[in-house]
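Peer 1: Below you will find the structure I want to go over with you.
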Amino acid sequence: MGSFLPAVAEVFNFPITQFTDCEIPMIFGFNTDVKHGDTIYHVQSEARESELLLQTQVFVRGRCIGKRATSYASKPSEAPIGDAQKEQRLREQHRLVLDAIREGKLDNVLDHPEAEALAAVKELDVQWLNAESIHFDRNLTMQLRVTEGGAAASGARLTFRLARPGAAPFYTQTVADSGGAAEIKLEVDEADLPDSTLLVQINCEGRTATRKFVLRKAGG
């Protein structure tokens, strides 16, 4: 049994067009770790389609400490913006927050909503339950639990992208059960896992979250 430890790393936009004969949604977002002083900030940006918002969140040790959101809703006299424009605006907003962290001016670019409004926002999150041991009998297995605002995200759709050195990326999907649990199992040699990456996008009722994990051999 192989033991691999996932680590969150930087991820840029990865378009997913199709898997075999099925259309798969685009994974659309940016995730970056940036250090200022002794603190490591994880910055995550994504397009929230249901709310027509481009949102950037900042996490420290897994806790969201603030966010910045801008609307991309079109005025009645304007044509809706396309994916390329949304991506560019989101990229610029992501970089704005990264630069503010590096300059020690993060608070200047974050939104400051009322406490009641902030408490009402339900955020998607995902836990990797078997991260300590993911490979057995020639299979890579991921056991996840998806939550929204702390409650199980029943019916959430998860899209996976496995990228291995020297091999074409592999895509698959699954849906979380009533308890928010989801599992995928892929046949892959353990020798192919070091330095591989797993990108996971969660979509639940128009809300999305994206995570990227880099696989490292335990003790390596």
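Following the order of the structure tokens, first chain is A, next is B, and so on, with residues numbered from 1 inside each chain and ligands from 1 in the order they appear.
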Please produce, as CSV, a per-residue contact table for segment 43-75 of chain A versus segment 199-211 of chain A (criterion: any atom at most 9 Å away, only C-alpha atoms considered), showing the nearest atom pair and its distance in Å to one decimal, sorted by chain then residue number.
Peer 2:
```
residue,atom,partner,partner_atom,distance
A:Gln44,CA,A:Thr210,CA,8.0
A:Ser45,CA,A:Thr210,CA,8.8
A:Glu46,CA,A:Ala209,CA,7.2
A:Ala47,CA,A:Thr208,CA,7.7
A:Arg48,CA,A:Arg207,CA,5.7
A:Glu49,CA,A:Gly206,CA,5.8
A:Ser50,CA,A:Gly206,CA,4.8
A:Glu51,CA,A:Gly206,CA,8.1
```
Peer 1: What does the file look like for those residues with C-alpha atoms, as a compact mmCIF listing (two decimals), in the first residue's frame?
Peer 2:
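Contents of again_19.txt, as written:
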```txt
# COMPACT_ATOMS: atom_id res chain seq x y z
CA GLN A 44 -8.69 31.35 -4.24
CA SER A 45 -10.58 33.09 -7.04
CA GLU A 46 -13.59 31.77 -8.93
CA ALA A 47 -16.61 32.85 -10.95
CA ARG A 48 -19.85 32.34 -9.00
CA GLU A 49 -22.24 31.80 -11.88
CA SER A 50 -25.47 31.76 -9.85
CA GLU A 51 -24.70 35.19 -8.38
```
Peer 1: Can you work out which one of A:Gly180, A:Ala156, A:Thr197, A:Gly149 has the shortest atom-to-atom distance to Glu123 of chain A, counting only C-alpha atoms?
Peer 2: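 Among the listed residues, the smallest separation from Glu123 of chain A belongs to A:Gly149.
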Peer 1: Of the candidates A:Asp38, A:Val43, A:Ala84, A:Leu215, which shows the shortest atom-to-atom distance to Ser133 of chain A, using only C-alpha atoms?
Peer 2: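 Result for the nearest residue to Ser133 of chain A: A:Leu215.
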Peer 1: Give one line per residue of segment 109-180 of chain A that approaches segment 67-70 of chain A to at most 8 Å, naming the two atoms of the closest pair and their distance in Å to one decimal, counting only C-alpha atoms; sort by chain then ascending residue number and deliver it as a tab-separated table.
Peer 2:
```
residue	atom	partner	partner_atom	distance
A:Val109	CA	A:Arg68	CA	7.0
A:Leu110	CA	A:Arg68	CA	4.9
A:Asp111	CA	A:Arg68	CA	5.1
```
Peer 1: Would you mind exporting C-alpha atoms of the selected residues as a compact mmCIF listing (two decimals), in the first residue's frame?
Peer 2:
```txt
# COMPACT_ATOMS: atom_id res chain seq x y z
CA VAL A 109 -8.61 45.49 -1.09
CA LEU A 110 -11.00 43.23 0.84
CA ASP A 111 -14.73 43.81 1.11
```
Peer 1: Within 9 Å of Phe59 of chain A, counting only C-alpha atoms, which residues show up once you throw out same-chain ones fewer than 5 positions away? Write them as number ranges by chain, please.
Peer 2: A: 40-44, 64-66
Peer 1: Please write the residues from the selection above to a file, keeping C-alpha atoms, as a PDB file, in the first residue's frame.
Peer 2:
```
ATOM      1  CA  ILE A  40       1.205  31.811   4.330  1.00  0.00           C
ATOM      2  CA  TYR A  41      -1.970  33.003   2.621  1.00  0.00           C
ATOM      3  CA  HIS A  42      -3.999  30.796   0.293  1.00  0.00           C
ATOM      4  CA  VAL A  43      -5.825  32.914  -2.296  1.00  0.00           C
ATOM      5  CA  GLN A  44      -8.692  31.349  -4.240  1.00  0.00           C
ATOM      6  CA  CYS A  64     -11.347  32.360   5.420  1.00  0.00           C
ATOM      7  CA  ILE A  65     -10.156  35.753   6.674  1.00  0.00           C
ATOM      8  CA  GLY A  66     -11.709  37.902   3.965  1.00  0.00           C
TER       9      GLY A  66
END
```
Peer 1: I need the residue nearest Ala152 of chain A from this list: A:Glu132, A:Asp83, A:Asp195, A:Asp177. Use only C-alpha atoms for the distance.
Peer 2: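 Between A:Glu132, A:Asp83, A:Asp195, A:Asp177, the residue approaching Ala152 of chain A most closely is A:Asp177.
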Peer 1: What gap, in Å, lies between atom CA of Tyr72 of chain A and atom CA of Val58 of chain A?
Peer 2: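 For atom CA of Tyr72 of chain A relative to atom CA of Val58 of chain A, the distance reads 20.3 Å.
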Peer 1: Going by DSSP on the backbone, which bits of segment 29-218 of chain A are helix (DSSP H, G or I)? Write them as a PyMOL selection string, please.
Peer 2: chain A and resi 49-51+83-102+106-108+115-120+190-192
Peer 1: Of the residues A:Arg138, A:Arg157, A:His36, A:His94, which is the one nearest to Val188 of chain A, using only C-alpha atoms?
Peer 2: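 Once distances to Val188 of chain A are computed over only C-alpha atoms, the minimum belongs to A:Arg138.
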Peer 1: Please indicate the distance in Å from atom CA of Glu187 of chain A to atom CA of Gly155 of chain A, rounded to one decimal place.
Peer 2: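 So the two atoms, atom CA of Glu187 of chain A and atom CA of Gly155 of chain A, lie 24.9 Å apart.
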Peer 1: Looking at only C-alpha atoms, which of A:Ala182, A:Leu53, A:Leu162, A:Ile134 is the one that sits closest to Leu198 of chain A?
Peer 2: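 The answer is A:Leu162, which sits nearest to Leu198 of chain A.
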